[in-house]
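Report on the following structure.
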Amino acid sequence: MATKIHVLVGTRKGAFILDGDDSRESWTLRGPFCEAWPINHVVADKSGTIYAGGGNEWFGPAVWKSGDLGKTWSHSSEGLAYAEGETPIKSVWSLAPNGSGLYAGVEPAGLFRSDDDGVTWSHIDGLQKHPSRAQWMPGGGGLILHHIVPHPDDKNQIWVAISTAGVFYTSDGGATWQPRNKGVRCDYLPEDQRYPEFGQCVHSMAMAAGKPDRIYQQNHCGMYRSDDGGESWKSIEAGLPSTFGFPSVAHPRCPDTLFLIPLNGDILGRFVPDGKAAVWRTRDGGKSWEDLRQGLPQENVYFGVLRQSMATDPLEPAGIYFGSNTGSLYASANEGETWACIAEHLPTITSVETLIDER
Amino acid sequence: MALASQSAASPDAVPTVAVVLTAALIRLFAGCEARQRISARTVGEMLDALDRQWPGMRDRLRDSTPAIRRHISVFVDGRRAGLETPLTEGAKVYVLTAMSGG
């Protein structure tokens, strides 16, 4: 059986796919797909079907779908709407296969589910009914539900990340939700109000492999780890060059290994620190960190990496991939030890995921 | 579809209009052509009729408010229209993308 790897890239002007060779050294770029719509997230399910979520200023939100690795695409938004009179959905921000269903997070923040592979959608309105809903405030990217983390063994347990409402959790398939932000600070609030129940500016979440109770979080205000399913969070930012960044990616097999890309803070351009690109890795759950730079540009680098723009592959050793907001895509086939630029001059990269095709 | 002549149309007849769809829209629906003849009493009904022929097209042009999407312009005989705008026999309807850049 042949194994082929593809990197799925969302950008502000369409989706792209990179096809890799066996060594993960040579890559071929295809795209732009999805009529060059702004695409916020591209994922694949276990069957290899690719879904791309986004929204077009003219034509609104939709989920695009390709069953042939990007050769042909269709799109749908049937049912992907709030009730009449409510603020219309602007865009799809995150996608996550879960069991037999497919979940979509949208702007303004809400969660939808499809049980027919993205043809029709239904609103999981329990999240909207949470008593805190009226107080959710949009962040710089809007009021967006940008991460969906399903429990690997229990489809009724889901964590979602909303900017800037924080992390919410359901154990009943979405009927009811609880905020899960204890220990996560809000540096942008008065000193005596910095640990609210909700309102945190979460930027990304990643579940540890084989340890569903362990979740890592990159926040606007620090990096965190939870070992109790998000009920409480502890800072793991000591040893990192800043407390600010967007993506966080867990190793596909080692629950103690996490990859982050700290930026230089929220008021100084949100670039990689000192104009030098680095991915930071912990192998002990965040107790210590090492910077991985070999092959990454180390002079005059003024890019950032957005919240969904880093991913791993499940191969051995694990591959790591990240895309910059200046349209460069970097890959490591050895867990971050060495890097190569595998695409450049793309539009602003909004998401990176991988697909292993064993057909 | 049989077209009623203007002179023969009764007050209750459903008017048939000539619709021109923007190129960015028809690219989303394989086989769709820019010029359509649609029978409908209002712009909203016209979108319903287009959606029956090209499933999903209404979602591309109308949001859940419900209203014509903010960056879509519909003109009926040269005048900007909304979902409730009535259509008359032989009217010319343009469905256009508004200027939106970046």
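A note on labels: chains of the structure tokens are A, B, ... as shown, every chain counts residues from 1, and ligands are counted from 1 in their shown order.
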>> Please check the contacts: residues of chain B at most 12 Å away from chain A, using only C-alpha atoms, listed as a ChimeraX atom specification.
In response: /B:22-30,51,54-73,95-102
Please produce a file of those selected residues containing C-alpha atoms, as a JSON list (two decimals), in the first residue's frame.
[["chain", "number", "residue", "atom", "x", "y", "z"],
["B", 22, "THR", "CA", -22.53, 38.02, -12.32],
["B", 23, "ALA", "CA", -19.63, 35.92, -13.55],
["B", 24, "ALA", "CA", -18.29, 35.31, -10.03],
["B", 25, "LEU", "CA", -21.60, 33.66, -9.13],
["B", 26, "ILE", "CA", -22.07, 31.39, -12.12],
["B", 27, "ARG", "CA", -18.54, 30.00, -11.63],
["B", 28, "LEU", "CA", -19.84, 28.43, -8.40],
["B", 29, "PHE", "CA", -22.53, 26.40, -10.18],
["B", 30, "ALA", "CA", -21.37, 24.06, -12.94],
["B", 51, "ASP", "CA", -32.26, 28.06, -5.95],
["B", 54, "TRP", "CA", -29.17, 25.72, -8.87],
["B", 55, "PRO", "CA", -29.36, 24.38, -5.32],
["B", 56, "GLY", "CA", -27.42, 26.62, -2.95],
["B", 57, "MET", "CA", -27.60, 29.78, -5.07],
["B", 58, "ARG", "CA", -30.01, 31.54, -2.71],
["B", 59, "ASP", "CA", -27.52, 31.17, 0.15],
["B", 60, "ARG", "CA", -24.88, 32.89, -1.93],
["B", 61, "LEU", "CA", -27.08, 35.95, -2.54],
["B", 62, "ARG", "CA", -29.27, 36.26, 0.57],
["B", 63, "ASP", "CA", -28.33, 36.07, 4.23],
["B", 64, "SER", "CA", -30.40, 34.86, 7.18],
["B", 65, "THR", "CA", -31.59, 38.36, 8.21],
["B", 66, "PRO", "CA", -33.18, 37.82, 5.62],
["B", 67, "ALA", "CA", -31.72, 40.39, 3.21],
["B", 68, "ILE", "CA", -29.70, 40.60, 0.04],
["B", 69, "ARG", "CA", -26.09, 40.08, 1.12],
["B", 70, "ARG", "CA", -24.29, 43.28, 1.98],
["B", 71, "HIS", "CA", -21.86, 43.11, -0.94],
["B", 72, "ILE", "CA", -24.36, 41.88, -3.52],
["B", 73, "SER", "CA", -26.36, 44.35, -5.60],
["B", 95, "VAL", "CA", -27.38, 40.40, -9.92],
["B", 96, "LEU", "CA", -23.97, 41.96, -9.38],
["B", 97, "THR", "CA", -21.07, 41.82, -6.97],
["B", 98, "ALA", "CA", -20.42, 45.15, -5.26],
["B", 99, "MET", "CA", -16.95, 46.66, -5.28],
["B", 100, "SER", "CA", -15.07, 44.84, -2.56],
["B", 101, "GLY", "CA", -11.33, 44.70, -2.58],
["B", 102, "GLY", "CA", -8.26, 43.51, -0.77]]
> Within 7 Å of Gly199 (chain A), counting only C-alpha atoms, which residues qualify if same-chain residues fewer than 4 places away don't, as a list in words?
Replying inline: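 The residues satisfying every condition are Trp136, Thr164, Ala165 and Gly166 of chain A.
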>> If you run DSSP on the backbone here, which positions in region 205-308 of chain A get strand (DSSP E or B)? Please write them as an NGL selection string.
In response: :A and (205-208 or 211-219 or 222-226 or 234-235 or 244-250 or 258-263 or 279-282 or 290-292 or 308)
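Our summary of the geometry notes that CA of Gly174 (chain A) is positioned 14.8 Å from CA of His147 (chain A).
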Which polymer residues have any atom within 12 Å of an atom of Leu145 (chain A), counting only C-alpha atoms, with same-chain residues fewer than 2 positions away left out, as a compact mmCIF listing (two decimals) with C-alpha atoms, in the first residue's frame?
# COMPACT_ATOMS: atom_id res chain seq x y z
CA ASN A 40 -9.78 29.70 7.25
CA HIS A 41 -9.34 25.95 7.72
CA ILE A 89 -22.81 34.11 9.80
CA LYS A 90 -19.85 35.75 8.13
CA SER A 91 -17.44 32.89 7.76
CA VAL A 92 -16.52 29.34 8.75
CA TRP A 93 -13.42 29.31 10.93
CA SER A 94 -12.76 25.74 12.03
CA LEU A 95 -13.65 22.20 11.01
CA ALA A 96 -13.32 18.93 12.91
CA TYR A 103 -18.27 20.03 13.11
CA ALA A 104 -17.88 23.61 11.96
CA GLY A 105 -17.09 26.65 14.10
CA VAL A 106 -18.20 29.98 12.71
CA GLU A 107 -18.14 33.76 13.10
CA PRO A 108 -20.05 35.11 15.04
CA ALA A 109 -19.07 32.31 17.39
CA GLY A 110 -21.23 29.21 17.16
CA LEU A 111 -21.02 25.52 16.40
CA PHE A 112 -22.70 23.51 13.65
CA LEU A 127 -23.53 27.03 23.07
CA GLN A 128 -25.52 30.09 22.05
CA TRP A 136 -18.72 37.52 24.57
CA MET A 137 -16.50 40.15 22.96
CA PRO A 138 -14.85 39.88 19.55
CA GLY A 139 -11.06 39.82 19.41
CA GLY A 141 -9.97 38.52 14.29
CA GLY A 142 -13.65 38.82 15.18
CA LEU A 143 -15.89 36.80 17.49
CA HIS A 147 -10.66 25.50 17.51
CA ILE A 148 -12.78 22.37 18.01
CA VAL A 149 -11.16 19.57 20.01
CA TRP A 159 -13.82 21.50 23.82
CA VAL A 160 -14.08 24.68 21.74
CA ALA A 161 -11.99 27.84 21.75
CA ILE A 162 -13.64 31.21 21.16
CA SER A 163 -11.95 34.58 20.81
CA THR A 164 -12.52 36.19 23.18
CA ALA A 165 -14.89 34.12 25.26
CA GLY A 166 -12.34 31.45 26.18
CA VAL A 167 -12.57 27.68 26.33
CA PHE A 168 -15.95 25.96 26.67
CA CYS A 201 -8.42 35.35 24.62
CA VAL A 202 -7.52 31.78 23.75
CA HIS A 203 -5.56 31.50 20.50
CA SER A 204 -5.31 27.73 20.11
CA MET A 205 -5.74 24.37 21.88
CA ARG A 307 -3.66 30.41 15.18
CA GLN A 308 -4.34 27.38 12.95
> Looking at A:Pro317, A:Leu189, A:Gly210, A:Leu102, which one is nearest to His151 (chain A), with distances taken over only C-alpha atoms?
Replying inline: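 Ranked by minimum distance to His151 (chain A), first place goes to A:Gly210.
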Could you give me, as a short mmCIF file (atom, residue, chain, number, x, y, z; two decimals) with N, CA, C and O atoms, in the first residue's frame, each residue of region 3-98 of chain B that DSSP assigns to alpha helix (DSSP H) when run on this structure's backbone?
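Output contents, as saved in part-v1.cif:
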data_model
loop_
_atom_site.label_atom_id
_atom_site.label_comp_id
_atom_site.auth_asym_id
_atom_site.auth_seq_id
_atom_site.Cartn_x
_atom_site.Cartn_y
_atom_site.Cartn_z
N ALA B 23 -20.52 37.02 -13.20
CA ALA B 23 -19.63 35.92 -13.55
C ALA B 23 -19.10 35.19 -12.32
O ALA B 23 -18.96 33.96 -12.31
N ALA B 24 -18.83 35.94 -11.24
CA ALA B 24 -18.29 35.31 -10.03
C ALA B 24 -19.28 34.31 -9.44
O ALA B 24 -18.89 33.34 -8.79
N LEU B 25 -20.57 34.56 -9.66
CA LEU B 25 -21.60 33.66 -9.13
C LEU B 25 -21.73 32.40 -9.98
O LEU B 25 -21.76 31.28 -9.43
N ILE B 26 -21.80 32.57 -11.28
CA ILE B 26 -22.07 31.39 -12.12
C ILE B 26 -20.89 30.41 -12.09
O ILE B 26 -21.07 29.22 -12.31
N VAL B 43 -38.24 39.87 -5.96
CA VAL B 43 -36.83 39.46 -6.01
C VAL B 43 -36.60 38.23 -5.12
O VAL B 43 -35.87 37.31 -5.47
N GLY B 44 -37.25 38.23 -3.94
CA GLY B 44 -37.11 37.07 -3.05
C GLY B 44 -37.58 35.79 -3.72
O GLY B 44 -36.91 34.75 -3.62
N GLU B 45 -38.72 35.86 -4.40
CA GLU B 45 -39.21 34.68 -5.11
C GLU B 45 -38.28 34.31 -6.26
O GLU B 45 -38.11 33.12 -6.58
N MET B 46 -37.68 35.31 -6.86
CA MET B 46 -36.73 35.04 -7.95
C MET B 46 -35.53 34.24 -7.41
O MET B 46 -35.06 33.30 -8.07
N LEU B 47 -35.06 34.60 -6.21
CA LEU B 47 -33.96 33.84 -5.62
C LEU B 47 -34.39 32.41 -5.31
O LEU B 47 -33.62 31.46 -5.47
N ASP B 48 -35.65 32.26 -4.86
CA ASP B 48 -36.17 30.90 -4.60
C ASP B 48 -36.16 30.08 -5.89
O ASP B 48 -35.79 28.89 -5.89
N ALA B 49 -36.58 30.73 -6.98
CA ALA B 49 -36.64 30.01 -8.26
C ALA B 49 -35.24 29.65 -8.75
O ALA B 49 -35.00 28.55 -9.25
N LEU B 50 -34.30 30.58 -8.59
CA LEU B 50 -32.92 30.28 -8.97
C LEU B 50 -32.37 29.12 -8.14
O LEU B 50 -31.66 28.25 -8.64
N ASP B 51 -32.76 29.10 -6.85
CA ASP B 51 -32.26 28.06 -5.95
C ASP B 51 -32.80 26.69 -6.34
O ASP B 51 -32.12 25.67 -6.15
N ARG B 52 -34.02 26.66 -6.86
CA ARG B 52 -34.58 25.38 -7.29
C ARG B 52 -33.79 24.83 -8.48
O ARG B 52 -33.59 23.62 -8.60
N GLN B 53 -33.35 25.72 -9.37
CA GLN B 53 -32.57 25.28 -10.52
C GLN B 53 -31.12 25.00 -10.16
O GLN B 53 -30.50 24.10 -10.71
N MET B 57 -27.83 28.42 -4.55
CA MET B 57 -27.60 29.78 -5.07
C MET B 57 -28.23 30.85 -4.17
O MET B 57 -27.66 31.93 -3.98
N ARG B 58 -29.38 30.54 -3.58
CA ARG B 58 -30.01 31.54 -2.71
C ARG B 58 -29.10 31.91 -1.54
O ARG B 58 -28.98 33.08 -1.17
N ASP B 59 -28.43 30.90 -0.97
CA ASP B 59 -27.52 31.17 0.15
C ASP B 59 -26.38 32.10 -0.25
O ASP B 59 -25.82 32.80 0.59
N ARG B 60 -26.00 32.05 -1.49
CA ARG B 60 -24.88 32.89 -1.93
C ARG B 60 -25.31 34.36 -2.07
O ARG B 60 -24.48 35.26 -2.02
N LEU B 61 -26.61 34.59 -2.22
CA LEU B 61 -27.08 35.95 -2.54
C LEU B 61 -27.88 36.58 -1.42
O LEU B 61 -28.03 37.80 -1.37
#
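Note that the spacing between CA of Glu344 (chain A) and CA of Gly327 (chain A) amounts to 5.6 Å.
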> Rounded to one decimal in Å, what is the spacing between CA of Asp227 (chain A) and CA of Glu337 (chain A)?
Replying inline: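 Calculated distance between CA of Asp227 (chain A) and CA of Glu337 (chain A) is 27.4 Å.
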